[in-house]
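Structure file entry38.pdb with PDB, C-alpha atoms:
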```pdb
ATOM      1  CA  MET A  27       0.000   0.000   0.000  1.00  0.00           C
ATOM      2  CA  ASN A  28       1.394   3.401  -0.991  1.00  0.00           C
ATOM      3  CA  LYS A  29       2.005   5.622   2.049  1.00  0.00           C
ATOM      4  CA  THR A  30       3.190   8.675   0.115  1.00  0.00           C
ATOM      5  CA  LEU A  31       1.154  11.616  -1.086  1.00  0.00           C
ATOM      6  CA  ILE A  32       2.418  11.277  -4.660  1.00  0.00           C
ATOM      7  CA  SER A  33      -0.435  10.635  -7.085  1.00  0.00           C
ATOM      8  CA  PRO A  34       0.095   8.918 -10.445  1.00  0.00           C
ATOM      9  CA  GLU A  35      -0.484  12.317 -12.106  1.00  0.00           C
ATOM     10  CA  LYS A  36       2.156  14.007  -9.964  1.00  0.00           C
ATOM     11  CA  TYR A  37       4.544  11.146 -10.674  1.00  0.00           C
ATOM     12  CA  VAL A  38       4.100  11.660 -14.421  1.00  0.00           C
ATOM     13  CA  GLU A  39       4.575  15.408 -14.138  1.00  0.00           C
ATOM     14  CA  ARG A  40       7.492  15.573 -11.724  1.00  0.00           C
ATOM     15  CA  PHE A  41       9.269  12.243 -11.291  1.00  0.00           C
ATOM     16  CA  MET A  42       8.839   9.955 -14.319  1.00  0.00           C
ATOM     17  CA  GLY A  43      11.625  11.672 -16.221  1.00  0.00           C
ATOM     18  CA  THR A  44      14.131  10.595 -13.569  1.00  0.00           C
ATOM     19  CA  VAL A  45      13.361   6.892 -14.150  1.00  0.00           C
ATOM     20  CA  GLU A  46      15.034   5.211 -17.115  1.00  0.00           C
ATOM     21  CA  GLY A  47      12.596   3.644 -19.550  1.00  0.00           C
ATOM     22  CA  TYR A  48      10.753   3.873 -22.823  1.00  0.00           C
ATOM     23  CA  MET A  49       7.226   4.954 -21.845  1.00  0.00           C
ATOM     24  CA  THR A  50       6.288   8.334 -23.319  1.00  0.00           C
ATOM     25  CA  SER A  51       4.545  11.096 -21.412  1.00  0.00           C
ATOM     26  CA  LEU A  52       1.503  10.620 -23.664  1.00  0.00           C
ATOM     27  CA  ASP A  53       1.191   6.963 -22.671  1.00  0.00           C
ATOM     28  CA  ALA A  54       1.743   7.931 -19.034  1.00  0.00           C
ATOM     29  CA  ARG A  55      -0.960  10.612 -19.085  1.00  0.00           C
ATOM     30  CA  LEU A  56      -3.424   8.227 -20.699  1.00  0.00           C
ATOM     31  CA  ILE A  57      -2.691   5.493 -18.148  1.00  0.00           C
ATOM     32  CA  ALA A  58      -2.968   7.994 -15.304  1.00  0.00           C
ATOM     33  CA  ALA A  59      -6.368   9.046 -16.692  1.00  0.00           C
ATOM     34  CA  LEU A  60      -7.528   5.416 -16.778  1.00  0.00           C
ATOM     35  CA  LEU A  61      -6.328   4.821 -13.227  1.00  0.00           C
ATOM     36  CA  ARG A  62      -8.149   7.979 -12.148  1.00  0.00           C
ATOM     37  CA  TYR A  63     -11.335   6.725 -13.822  1.00  0.00           C
ATOM     38  CA  GLN A  64     -11.034   3.416 -11.975  1.00  0.00           C
ATOM     39  CA  ASP A  65     -10.528   5.266  -8.706  1.00  0.00           C
ATOM     40  CA  GLU A  66     -13.475   7.609  -9.229  1.00  0.00           C
ATOM     41  CA  ASN A  67     -15.750   4.711 -10.195  1.00  0.00           C
ATOM     42  CA  ASN A  68     -14.609   2.437  -7.370  1.00  0.00           C
ATOM     43  CA  ILE A  69     -13.300  -0.251  -9.715  1.00  0.00           C
ATOM     44  CA  GLN A  70     -11.644  -2.746  -7.394  1.00  0.00           C
ATOM     45  CA  GLY A  71      -8.637  -4.974  -8.017  1.00  0.00           C
ATOM     46  CA  HIS A  72      -4.882  -5.180  -7.999  1.00  0.00           C
ATOM     47  CA  LEU A  73      -2.269  -4.016 -10.531  1.00  0.00           C
ATOM     48  CA  CYS A  74       0.380  -5.989 -12.400  1.00  0.00           C
ATOM     49  CA  GLU A  75       3.114  -5.551 -14.980  1.00  0.00           C
ATOM     50  CA  ILE A  76       5.132  -8.127 -16.886  1.00  0.00           C
ATOM     51  CA  GLY A  77       8.416  -6.554 -17.992  1.00  0.00           C
ATOM     52  CA  VAL A  78       9.195  -3.910 -15.402  1.00  0.00           C
ATOM     53  CA  HIS A  79      12.665  -2.701 -16.467  1.00  0.00           C
ATOM     54  CA  HIS A  80      13.589   0.210 -14.134  1.00  0.00           C
ATOM     55  CA  GLY A  81       9.963   0.674 -13.089  1.00  0.00           C
ATOM     56  CA  ARG A  82       8.923   3.665 -15.170  1.00  0.00           C
ATOM     57  CA  LEU A  83       5.349   2.376 -15.541  1.00  0.00           C
ATOM     58  CA  PHE A  84       5.275  -0.023 -12.619  1.00  0.00           C
ATOM     59  CA  LEU A  85       5.981   2.746 -10.100  1.00  0.00           C
ATOM     60  CA  MET A  86       2.874   4.559 -11.312  1.00  0.00           C
ATOM     61  CA  LEU A  87       0.843   1.384 -10.757  1.00  0.00           C
ATOM     62  CA  ALA A  88       2.312   1.058  -7.274  1.00  0.00           C
ATOM     63  CA  LEU A  89       1.344   4.662  -6.533  1.00  0.00           C
ATOM     64  CA  ALA A  90      -2.226   3.896  -7.641  1.00  0.00           C
ATOM     65  CA  ARG A  91      -2.697   1.225  -4.973  1.00  0.00           C
ATOM     66  CA  ARG A  92      -5.531   1.745  -2.540  1.00  0.00           C
ATOM     67  CA  GLU A  93      -6.026   0.178   0.867  1.00  0.00           C
ATOM     68  CA  GLY A  94      -5.665  -3.591   0.541  1.00  0.00           C
ATOM     69  CA  GLU A  95      -4.408  -3.501  -3.063  1.00  0.00           C
ATOM     70  CA  ARG A  96      -1.077  -4.776  -4.341  1.00  0.00           C
ATOM     71  CA  ALA A  97       1.058  -4.055  -7.399  1.00  0.00           C
ATOM     72  CA  LEU A  98       2.885  -7.091  -8.766  1.00  0.00           C
ATOM     73  CA  ALA A  99       6.135  -6.724 -10.736  1.00  0.00           C
ATOM     74  CA  ILE A 100       7.038  -9.770 -12.863  1.00  0.00           C
ATOM     75  CA  ASP A 101      10.489  -9.629 -14.447  1.00  0.00           C
ATOM     76  CA  LEU A 102      13.769 -11.490 -14.709  1.00  0.00           C
ATOM     77  CA  PHE A 103      15.334  -8.374 -13.155  1.00  0.00           C
ATOM     78  CA  GLU A 104      18.534  -9.032 -15.093  1.00  0.00           C
ATOM     79  CA  ASP A 105      20.114  -7.133 -17.962  1.00  0.00           C
ATOM     80  CA  ASP A 106      19.626  -8.594 -21.420  1.00  0.00           C
ATOM     81  CA  ALA A 107      21.679  -8.176 -24.593  1.00  0.00           C
ATOM     82  CA  ILE A 108      19.668  -5.127 -25.646  1.00  0.00           C
ATOM     83  CA  ASN A 109      20.185  -3.169 -22.429  1.00  0.00           C
ATOM     84  CA  SER A 110      23.391  -4.472 -20.826  1.00  0.00           C
ATOM     85  CA  ASN A 111      25.749  -1.883 -22.326  1.00  0.00           C
ATOM     86  CA  THR A 112      23.401   1.103 -22.377  1.00  0.00           C
ATOM     87  CA  ARG A 113      22.114   3.663 -19.894  1.00  0.00           C
ATOM     88  CA  HIS A 114      19.214   1.236 -19.319  1.00  0.00           C
ATOM     89  CA  ALA A 115      21.497  -1.318 -17.616  1.00  0.00           C
ATOM     90  CA  GLY A 116      21.226  -2.255 -13.954  1.00  0.00           C
ATOM     91  CA  ARG A 117      17.754  -3.781 -13.961  1.00  0.00           C
ATOM     92  CA  ASP A 118      18.663  -6.114 -11.102  1.00  0.00           C
ATOM     93  CA  ARG A 119      18.555  -3.205  -8.663  1.00  0.00           C
ATOM     94  CA  ALA A 120      17.175  -0.126 -10.413  1.00  0.00           C
ATOM     95  CA  MET A 121      13.449  -0.674  -9.881  1.00  0.00           C
ATOM     96  CA  LEU A 122      13.727  -1.230  -6.139  1.00  0.00           C
ATOM     97  CA  ALA A 123      16.133   1.706  -5.816  1.00  0.00           C
ATOM     98  CA  ASN A 124      13.674   3.941  -7.659  1.00  0.00           C
ATOM     99  CA  ALA A 125      10.836   2.728  -5.436  1.00  0.00           C
ATOM    100  CA  ARG A 126      12.814   3.571  -2.302  1.00  0.00           C
ATOM    101  CA  ARG A 127      13.721   6.992  -3.696  1.00  0.00           C
ATOM    102  CA  LEU A 128      10.043   7.781  -4.207  1.00  0.00           C
ATOM    103  CA  GLY A 129       9.020   6.427  -0.813  1.00  0.00           C
ATOM    104  CA  ILE A 130       7.129   3.444  -2.242  1.00  0.00           C
ATOM    105  CA  ASP A 131       6.948   0.454   0.102  1.00  0.00           C
ATOM    106  CA  LEU A 132       6.677  -2.893  -1.676  1.00  0.00           C
ATOM    107  CA  LEU A 133       5.878  -6.180  -0.007  1.00  0.00           C
ATOM    108  CA  ALA A 134       8.087  -9.172  -0.763  1.00  0.00           C
ATOM    109  CA  GLN A 135       5.139 -10.724  -2.634  1.00  0.00           C
ATOM    110  CA  GLU A 136       4.988  -7.741  -4.986  1.00  0.00           C
ATOM    111  CA  THR A 137       8.210  -8.596  -6.842  1.00  0.00           C
ATOM    112  CA  PHE A 138       8.310 -11.878  -8.762  1.00  0.00           C
ATOM    113  CA  LYS A 139      11.743 -12.683 -10.255  1.00  0.00           C
ATOM    114  CA  THR A 140      10.981 -15.182 -12.994  1.00  0.00           C
ATOM    115  CA  SER A 141      10.199 -15.677 -16.662  1.00  0.00           C
ATOM    116  CA  SER A 142       6.528 -15.106 -17.402  1.00  0.00           C
ATOM    117  CA  LEU A 143       6.603 -18.368 -19.375  1.00  0.00           C
ATOM    118  CA  ASP A 144       6.958 -20.125 -16.022  1.00  0.00           C
ATOM    119  CA  VAL A 145       4.040 -18.244 -14.435  1.00  0.00           C
ATOM    120  CA  LYS A 146       0.518 -19.621 -14.063  1.00  0.00           C
ATOM    121  CA  PRO A 147      -2.578 -17.514 -13.372  1.00  0.00           C
ATOM    122  CA  SER A 148      -2.737 -19.079  -9.912  1.00  0.00           C
ATOM    123  CA  ASP A 149       0.799 -17.784  -9.196  1.00  0.00           C
ATOM    124  CA  ILE A 150      -0.305 -14.220  -9.893  1.00  0.00           C
ATOM    125  CA  LEU A 151      -3.483 -14.505  -7.846  1.00  0.00           C
ATOM    126  CA  ALA A 152      -1.587 -16.065  -4.956  1.00  0.00           C
ATOM    127  CA  ARG A 153       0.670 -13.013  -4.767  1.00  0.00           C
ATOM    128  CA  THR A 154      -2.019 -10.390  -5.273  1.00  0.00           C
ATOM    129  CA  THR A 155      -4.762 -12.322  -3.372  1.00  0.00           C
ATOM    130  CA  ALA A 156      -7.426 -11.320  -5.953  1.00  0.00           C
ATOM    131  CA  PRO A 157      -7.822 -10.425  -9.679  1.00  0.00           C
ATOM    132  CA  ILE A 158      -6.131  -7.543 -11.499  1.00  0.00           C
ATOM    133  CA  ARG A 159      -7.777  -4.266 -12.557  1.00  0.00           C
ATOM    134  CA  PHE A 160      -4.824  -2.963 -14.603  1.00  0.00           C
ATOM    135  CA  PHE A 161      -2.391  -5.354 -16.313  1.00  0.00           C
ATOM    136  CA  SER A 162       0.574  -4.044 -18.344  1.00  0.00           C
ATOM    137  CA  VAL A 163       2.078  -6.494 -20.864  1.00  0.00           C
ATOM    138  CA  ASP A 164       5.621  -5.293 -21.632  1.00  0.00           C
ATOM    139  CA  GLY A 165       7.845  -8.338 -21.310  1.00  0.00           C
ATOM    140  CA  CYS A 166       9.697 -10.208 -24.051  1.00  0.00           C
ATOM    141  CA  HIS A 167       8.337  -8.980 -27.405  1.00  0.00           C
ATOM    142  CA  LEU A 168       8.522 -12.312 -29.241  1.00  0.00           C
ATOM    143  CA  TYR A 169       5.378 -14.137 -30.364  1.00  0.00           C
ATOM    144  CA  ARG A 170       5.328 -16.990 -27.840  1.00  0.00           C
ATOM    145  CA  GLU A 171       5.934 -14.683 -24.890  1.00  0.00           C
ATOM    146  CA  VAL A 172       3.389 -12.052 -25.951  1.00  0.00           C
ATOM    147  CA  GLU A 173       0.728 -14.709 -26.530  1.00  0.00           C
ATOM    148  CA  ASN A 174       1.496 -16.260 -23.145  1.00  0.00           C
ATOM    149  CA  ASP A 175       1.410 -12.921 -21.340  1.00  0.00           C
ATOM    150  CA  LEU A 176      -1.899 -11.909 -22.903  1.00  0.00           C
ATOM    151  CA  ARG A 177      -3.478 -15.186 -21.794  1.00  0.00           C
ATOM    152  CA  LEU A 178      -2.126 -14.631 -18.276  1.00  0.00           C
ATOM    153  CA  ALA A 179      -3.585 -11.131 -18.244  1.00  0.00           C
ATOM    154  CA  GLU A 180      -6.981 -12.240 -19.535  1.00  0.00           C
ATOM    155  CA  SER A 181      -7.139 -15.098 -17.021  1.00  0.00           C
ATOM    156  CA  THR A 182      -6.422 -12.900 -14.018  1.00  0.00           C
ATOM    157  CA  LEU A 183      -8.301  -9.713 -14.962  1.00  0.00           C
ATOM    158  CA  THR A 184     -11.387  -8.374 -13.191  1.00  0.00           C
ATOM    159  CA  PRO A 185     -14.520  -8.050 -15.390  1.00  0.00           C
ATOM    160  CA  ASP A 186     -13.937  -4.282 -15.634  1.00  0.00           C
ATOM    161  CA  GLY A 187     -10.139  -4.402 -15.856  1.00  0.00           C
ATOM    162  CA  ILE A 188      -7.708  -3.106 -18.498  1.00  0.00           C
ATOM    163  CA  ILE A 189      -4.836  -4.725 -20.398  1.00  0.00           C
ATOM    164  CA  ALA A 190      -2.171  -2.426 -21.874  1.00  0.00           C
ATOM    165  CA  VAL A 191       0.002  -3.997 -24.608  1.00  0.00           C
ATOM    166  CA  ASP A 192       3.293  -2.226 -25.270  1.00  0.00           C
ATOM    167  CA  ASP A 193       4.798  -1.571 -28.720  1.00  0.00           C
ATOM    168  CA  PHE A 194       1.756  -2.529 -30.768  1.00  0.00           C
ATOM    169  CA  PHE A 195       2.473  -1.623 -34.421  1.00  0.00           C
ATOM    170  CA  ASN A 196       6.150  -0.978 -33.618  1.00  0.00           C
ATOM    171  CA  PRO A 197       7.986  -2.214 -36.749  1.00  0.00           C
ATOM    172  CA  ASN A 198      10.941  -3.290 -34.621  1.00  0.00           C
ATOM    173  CA  TRP A 199       8.726  -5.769 -32.756  1.00  0.00           C
ATOM    174  CA  ALA A 200       6.326  -7.173 -35.345  1.00  0.00           C
ATOM    175  CA  ASP A 201       5.596 -10.255 -33.228  1.00  0.00           C
ATOM    176  CA  VAL A 202       3.740  -8.065 -30.727  1.00  0.00           C
ATOM    177  CA  SER A 203       1.234  -7.017 -33.382  1.00  0.00           C
ATOM    178  CA  PHE A 204       0.728 -10.521 -34.767  1.00  0.00           C
ATOM    179  CA  ALA A 205       0.378 -12.163 -31.345  1.00  0.00           C
ATOM    180  CA  THR A 206      -2.038  -9.484 -30.134  1.00  0.00           C
ATOM    181  CA  TYR A 207      -4.116  -9.609 -33.318  1.00  0.00           C
ATOM    182  CA  ASN A 208      -4.426 -13.391 -33.132  1.00  0.00           C
ATOM    183  CA  PHE A 209      -5.297 -13.181 -29.439  1.00  0.00           C
ATOM    184  CA  LEU A 210      -8.106 -10.704 -30.172  1.00  0.00           C
ATOM    185  CA  CYS A 211      -9.434 -12.877 -32.992  1.00  0.00           C
ATOM    186  CA  ARG A 212      -9.691 -15.841 -30.615  1.00  0.00           C
ATOM    187  CA  THR A 213     -11.373 -14.127 -27.667  1.00  0.00           C
ATOM    188  CA  GLU A 214     -14.724 -12.466 -27.165  1.00  0.00           C
ATOM    189  CA  LYS A 215     -13.833 -11.274 -23.691  1.00  0.00           C
ATOM    190  CA  MET A 216     -11.488  -8.440 -24.699  1.00  0.00           C
ATOM    191  CA  VAL A 217     -11.667  -5.705 -27.335  1.00  0.00           C
ATOM    192  CA  PRO A 218      -9.466  -2.674 -28.078  1.00  0.00           C
ATOM    193  CA  PHE A 219     -10.605   0.802 -27.073  1.00  0.00           C
ATOM    194  CA  ALA A 220      -7.527   3.050 -27.436  1.00  0.00           C
ATOM    195  CA  ILE A 221      -4.143   3.098 -29.136  1.00  0.00           C
ATOM    196  CA  THR A 222      -0.966   5.133 -28.683  1.00  0.00           C
ATOM    197  CA  SER A 223       2.332   3.279 -28.772  1.00  0.00           C
ATOM    198  CA  LYS A 224       0.361   0.855 -26.613  1.00  0.00           C
ATOM    199  CA  LEU A 225      -2.921  -0.906 -27.337  1.00  0.00           C
ATOM    200  CA  PHE A 226      -5.520  -0.816 -24.561  1.00  0.00           C
ATOM    201  CA  LEU A 227      -8.030  -3.645 -24.141  1.00  0.00           C
ATOM    202  CA  ALA A 228     -11.085  -4.237 -21.960  1.00  0.00           C
ATOM    203  CA  ALA A 229     -14.357  -6.155 -21.941  1.00  0.00           C
ATOM    204  CA  PRO A 230     -16.748  -4.750 -24.596  1.00  0.00           C
ATOM    205  CA  GLU A 231     -19.051  -2.824 -22.241  1.00  0.00           C
ATOM    206  CA  MET A 232     -16.181  -1.387 -20.220  1.00  0.00           C
ATOM    207  CA  ALA A 233     -14.229  -0.568 -23.383  1.00  0.00           C
ATOM    208  CA  GLU A 234     -16.919   1.916 -24.399  1.00  0.00           C
ATOM    209  CA  LYS A 235     -16.885   3.526 -20.950  1.00  0.00           C
ATOM    210  CA  TYR A 236     -13.108   3.858 -20.926  1.00  0.00           C
ATOM    211  CA  LYS A 237     -13.090   5.271 -24.467  1.00  0.00           C
ATOM    212  CA  LEU A 238     -15.727   7.855 -23.565  1.00  0.00           C
ATOM    213  CA  ALA A 239     -13.800   8.918 -20.473  1.00  0.00           C
ATOM    214  CA  LEU A 240     -10.598   9.364 -22.493  1.00  0.00           C
ATOM    215  CA  SER A 241     -12.389  11.286 -25.246  1.00  0.00           C
ATOM    216  CA  LYS A 242     -13.283  13.985 -22.705  1.00  0.00           C
ATOM    217  CA  ARG A 243      -9.646  14.611 -21.785  1.00  0.00           C
ATOM    218  CA  GLN A 244      -7.858  17.659 -23.162  1.00  0.00           C
ATOM    219  CA  ASP A 245      -4.310  16.484 -22.365  1.00  0.00           C
ATOM    220  CA  LEU A 246      -3.935  13.476 -24.653  1.00  0.00           C
ATOM    221  CA  GLY A 247      -2.277  15.115 -27.650  1.00  0.00           C
ATOM    222  CA  GLN A 248      -3.821  14.803 -31.099  1.00  0.00           C
ATOM    223  CA  THR A 249      -6.807  12.452 -30.899  1.00  0.00           C
ATOM    224  CA  SER A 250      -9.051  10.864 -33.509  1.00  0.00           C
ATOM    225  CA  THR A 251     -11.051   7.662 -33.953  1.00  0.00           C
ATOM    226  CA  VAL A 252      -9.853   4.779 -36.125  1.00  0.00           C
ATOM    227  CA  GLN A 253     -11.355   1.446 -37.155  1.00  0.00           C
ATOM    228  CA  PHE A 254      -9.867  -1.648 -35.552  1.00  0.00           C
ATOM    229  CA  LEU A 255     -11.431  -5.099 -36.006  1.00  0.00           C
ATOM    230  CA  GLY A 256     -14.800  -3.535 -36.741  1.00  0.00           C
ATOM    231  CA  ARG A 257     -14.715  -1.187 -33.747  1.00  0.00           C
ATOM    232  CA  GLU A 258     -14.059   2.529 -33.462  1.00  0.00           C
ATOM    233  CA  ILE A 259     -11.229   3.133 -31.027  1.00  0.00           C
ATOM    234  CA  LEU A 260      -9.521   6.283 -29.784  1.00  0.00           C
ATOM    235  CA  ALA A 261      -6.126   7.055 -31.327  1.00  0.00           C
ATOM    236  CA  ALA A 262      -3.849   9.543 -29.545  1.00  0.00           C
ATOM    237  CA  ARG A 263      -0.628  10.872 -31.046  1.00  0.00           C
ATOM    238  CA  GLN A 264       2.208  12.876 -29.559  1.00  0.00           C
ATOM    239  CA  GLY A 265       3.213  16.014 -31.487  1.00  0.00           C
ATOM    240  CA  VAL A 266       6.773  16.514 -32.728  1.00  0.00           C
ATOM    241  CA  ILE A 267       7.372  19.521 -30.457  1.00  0.00           C
ATOM    242  CA  GLU A 268       6.202  17.598 -27.405  1.00  0.00           C
ATOM    243  CA  LYS A 269       8.446  14.657 -28.288  1.00  0.00           C
ATOM    244  CA  GLY A 270      11.468  16.935 -28.491  1.00  0.00           C
ATOM    245  CA  TYR A 271      10.607  18.703 -25.251  1.00  0.00           C
ATOM    246  CA  GLU A 272      10.094  15.384 -23.486  1.00  0.00           C
ATOM    247  CA  ALA A 273      13.501  14.089 -24.588  1.00  0.00           C
ATOM    248  CA  PHE A 274      15.176  17.310 -23.407  1.00  0.00           C
ATOM    249  CA  ARG A 275      13.361  17.314 -20.060  1.00  0.00           C
ATOM    250  CA  GLY A 276      14.250  13.668 -19.476  1.00  0.00           C
ATOM    251  CA  LEU A 277      17.926  14.395 -20.067  1.00  0.00           C
ATOM    252  CA  ILE A 278      17.878  17.283 -17.600  1.00  0.00           C
ATOM    253  CA  SER A 279      15.971  15.239 -15.010  1.00  0.00           C
ATOM    254  CA  ARG A 280      18.409  12.329 -15.177  1.00  0.00           C
ATOM    255  CA  ARG A 281      21.407  14.633 -14.757  1.00  0.00           C
ATOM    256  CA  ALA A 282      19.800  16.314 -11.767  1.00  0.00           C
ATOM    257  CA  SER A 283      18.765  13.092 -10.024  1.00  0.00           C
TER     258      SER A 283
END
```
Translate the structure of the given file into structure tokens.
Amino acid sequence: MNKTLISPEKYVERFMGTVEGYMTSLDARLIAALLRYQDENNIQGHLCEIGVHHGRLFLMLALARREGERALAIDLFEDDAINSNTRHAGRDRAMLANARRLGIDLLAQETFKTSSLDVKPSDILARTTAPIRFFSVDGCHLYREVENDLRLAESTLTPDGIIAVDDFFNPNWADVSFATYNFLCRTEKMVPFAITSKLFLAAPEMAEKYKLALSKRQDLGQTSTVQFLGREILAARQGVIEKGYEAFRGLISRRAS
């Protein structure tokens, strides 16, 4: 349970830039808006992310915990070939160090050092004690892993929960798009409702509610509606100027931290 006064919105505005990672401010604002909607509508459940890295998104989920809720981080917590010789190295200690720096207390059960391929739905529910209301899928971006992680998310989600799939339509990770598309073609439980660099999924009735809530926001960049598998979903894009400003602000924040 978060004992600080930092809200997810304040984290995005003031602290996210000091945490190494790939999530954009647009994605962060949209996720913060969804978490706010869940809070205002008393949507109950826990929070989970597969593929935590340094915690840039996971810390926001941890800050969104309410009394009795947990945030579960599933990761190998080891550097891989992509990150080992870059500024993103140090994943074995960075997330917990960032949590301590922000005053976030995590239970031992809230960090799960393993491959998601070795995780069963019952393992997740044993650590959280109940289903998930927000599940971020951002682990290994290869087909088998993405398919596995989506099934884990669907199996452990509350009826009004959200799945966020990272790097959908990213040409560097084509398997994410194919695995997610095939998953959506095989299930009637989940449908898309919004897309940025992530694809957001929910049960059909809740998808419309989440989409409507996001459409009323004025801070989500350039928005429009697009067709996806026969549904109209919200598309939000980050402007070029904002992208440049975000990169500059992140550099300054990291040097100051």
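With all atoms listed in the file as the basis for measurement, A:Ser33 is the residue among A:Thr154, A:Ser142, A:Ser33, A:Thr213 that approaches A:Asp65 most closely.
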- Task: Excluding A:Arg243 and any residue of its chain fewer than 4 positions from it, enumerate the residues within 10 Å of it, using all atoms listed in the file, and give them as a ChimeraX atom specification.
- Result: /A:55-56,59,238-239,247,249
- Any chance you could resolve the PyMOL selection byres ((chain A and resi 155-163) around 6) against this file and give the residues as a ChimeraX atom specification? /A:71-76,151-154,164,182-184,187-191
- Task: Enter the distance from atom CA of A:Val252 to atom CA of A:Tyr169, in Å, rounded to one decimal.
- Result: 25.0 Å
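Atom CA of A:Leu60 to atom CA of A:His79 spans 21.8 Å [interatomic distance, one decimal].
Take atom CA of A:Gly94 and atom CA of A:Asn174: the distance between them is 27.8 Å.
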- Would you kindly return, as a count of residues only, each protein, DNA or RNA residue with an atom no farther than 8 Å from any atom of stretch 195-204 of chain A, considering only C-alpha atoms and excluding same-chain residues fewer than 4 positions away? 6
Evaluate the PyMOL selection byres ((chain A and resi 255) around 12) on the structure here and hand back the selected residues as a PDB file with C-alpha atoms, keeping the file's coordinate frame.
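Output below, filename expr.pdb:
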```pdb
ATOM      1  CA  THR A 206      -2.038  -9.484 -30.134  1.00  0.00           C
ATOM      2  CA  TYR A 207      -4.116  -9.609 -33.318  1.00  0.00           C
ATOM      3  CA  ASN A 208      -4.426 -13.391 -33.132  1.00  0.00           C
ATOM      4  CA  LEU A 210      -8.106 -10.704 -30.172  1.00  0.00           C
ATOM      5  CA  CYS A 211      -9.434 -12.877 -32.992  1.00  0.00           C
ATOM      6  CA  GLU A 214     -14.724 -12.466 -27.165  1.00  0.00           C
ATOM      7  CA  MET A 216     -11.488  -8.440 -24.699  1.00  0.00           C
ATOM      8  CA  VAL A 217     -11.667  -5.705 -27.335  1.00  0.00           C
ATOM      9  CA  PRO A 218      -9.466  -2.674 -28.078  1.00  0.00           C
ATOM     10  CA  PHE A 219     -10.605   0.802 -27.073  1.00  0.00           C
ATOM     11  CA  VAL A 252      -9.853   4.779 -36.125  1.00  0.00           C
ATOM     12  CA  GLN A 253     -11.355   1.446 -37.155  1.00  0.00           C
ATOM     13  CA  PHE A 254      -9.867  -1.648 -35.552  1.00  0.00           C
ATOM     14  CA  GLY A 256     -14.800  -3.535 -36.741  1.00  0.00           C
ATOM     15  CA  ARG A 257     -14.715  -1.187 -33.747  1.00  0.00           C
ATOM     16  CA  GLU A 258     -14.059   2.529 -33.462  1.00  0.00           C
ATOM     17  CA  ILE A 259     -11.229   3.133 -31.027  1.00  0.00           C
TER      18      ILE A 259
END
```
Step by step, gather every atom of stretch 209-216 of chain A that the file lists, find the box along x, y and z that holds them, add 5 Å on each side, and finally give centre and edge lengths in Å to one decimal, as AutoDock Vina command-line options.
```
--center_x -10.0 --center_y -12.1 --center_z -28.3 --size_x 19.4 --size_y 17.4 --size_z 19.3
```
- Message: Which residues are near A:Ala54? Cut-off 10 Å, only C-alpha atoms, ignore same chain within fewer than 2 positions. Put them as number ranges by chain.
- Response: A: 34-35, 37-39, 42, 49-52, 56-60, 82-83, 86, 246
Generate the output file for the selected residues, C-alpha atoms, as a tab-separated table (two decimals), keeping the file's coordinate frame.
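Below is the file result-v7.tsv, written as the result:
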```tsv
chain	number	residue	atom	x	y	z
A	34	PRO	CA	0.10	8.92	-10.44
A	35	GLU	CA	-0.48	12.32	-12.11
A	37	TYR	CA	4.54	11.15	-10.67
A	38	VAL	CA	4.10	11.66	-14.42
A	39	GLU	CA	4.58	15.41	-14.14
A	42	MET	CA	8.84	9.96	-14.32
A	49	MET	CA	7.23	4.95	-21.84
A	50	THR	CA	6.29	8.33	-23.32
A	51	SER	CA	4.54	11.10	-21.41
A	52	LEU	CA	1.50	10.62	-23.66
A	56	LEU	CA	-3.42	8.23	-20.70
A	57	ILE	CA	-2.69	5.49	-18.15
A	58	ALA	CA	-2.97	7.99	-15.30
A	59	ALA	CA	-6.37	9.05	-16.69
A	60	LEU	CA	-7.53	5.42	-16.78
A	82	ARG	CA	8.92	3.66	-15.17
A	83	LEU	CA	5.35	2.38	-15.54
A	86	MET	CA	2.87	4.56	-11.31
A	246	LEU	CA	-3.94	13.48	-24.65
```
- Item | Residues matched by the PyMOL selection byres ((chain A and resi 144) around 12), written as a PyMOL selection string | chain A and resi 100-102+138-143+145-150+171+174-175+178
- Note on the structure: Across A:Gln244, A:Gln264, A:Ser181, A:Asn124, the smallest distance to A:Thr222, with only C-alpha atoms counted, is shown by A:Gln264
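Distances here use only C-alpha atoms; by that measure, the residue among A:Ala228, A:Met121, A:Ala205, A:Leu132 closest to A:Glu46 is A:Met121.
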- Message: Let me make sure I understand: among A:Asp245, A:Val78, A:Leu85, A:Glu180, which one has the smallest atom-to-atom distance to A:Asp192 if we use all atoms listed in the file?
- Response: A:Val78
- Can you list, as a PyMOL selection string, every protein, DNA or RNA residue that comes within 7 Å of A:Ala220 when you count all atoms listed in the file, leaving out same-chain residues fewer than 6 positions away? chain A and resi 226+237+259-261
Since the input has fewer atoms than a full residue there, write stretch 250-254 of chain A out with N, CA and C atoms, as a JSON list (two decimals), in the frame of the given file.
```json
[["chain", "number", "residue", "atom", "x", "y", "z"],
["A", 250, "SER", "N", -8.10, 11.14, -32.44],
["A", 250, "SER", "CA", -9.05, 10.86, -33.51],
["A", 250, "SER", "C", -9.63, 9.48, -33.24],
["A", 251, "THR", "N", -10.55, 9.03, -34.05],
["A", 251, "THR", "CA", -11.05, 7.66, -33.95],
["A", 251, "THR", "C", -10.63, 6.90, -35.20],
["A", 252, "VAL", "N", -10.28, 5.64, -35.02],
["A", 252, "VAL", "CA", -9.85, 4.78, -36.12],
["A", 252, "VAL", "C", -10.60, 3.46, -36.02],
["A", 253, "GLN", "N", -10.72, 2.76, -37.13],
["A", 253, "GLN", "CA", -11.36, 1.45, -37.16],
["A", 253, "GLN", "C", -10.34, 0.36, -36.81],
["A", 254, "PHE", "N", -10.74, -0.53, -35.93],
["A", 254, "PHE", "CA", -9.87, -1.65, -35.55],
["A", 254, "PHE", "C", -10.75, -2.86, -35.30]]
```
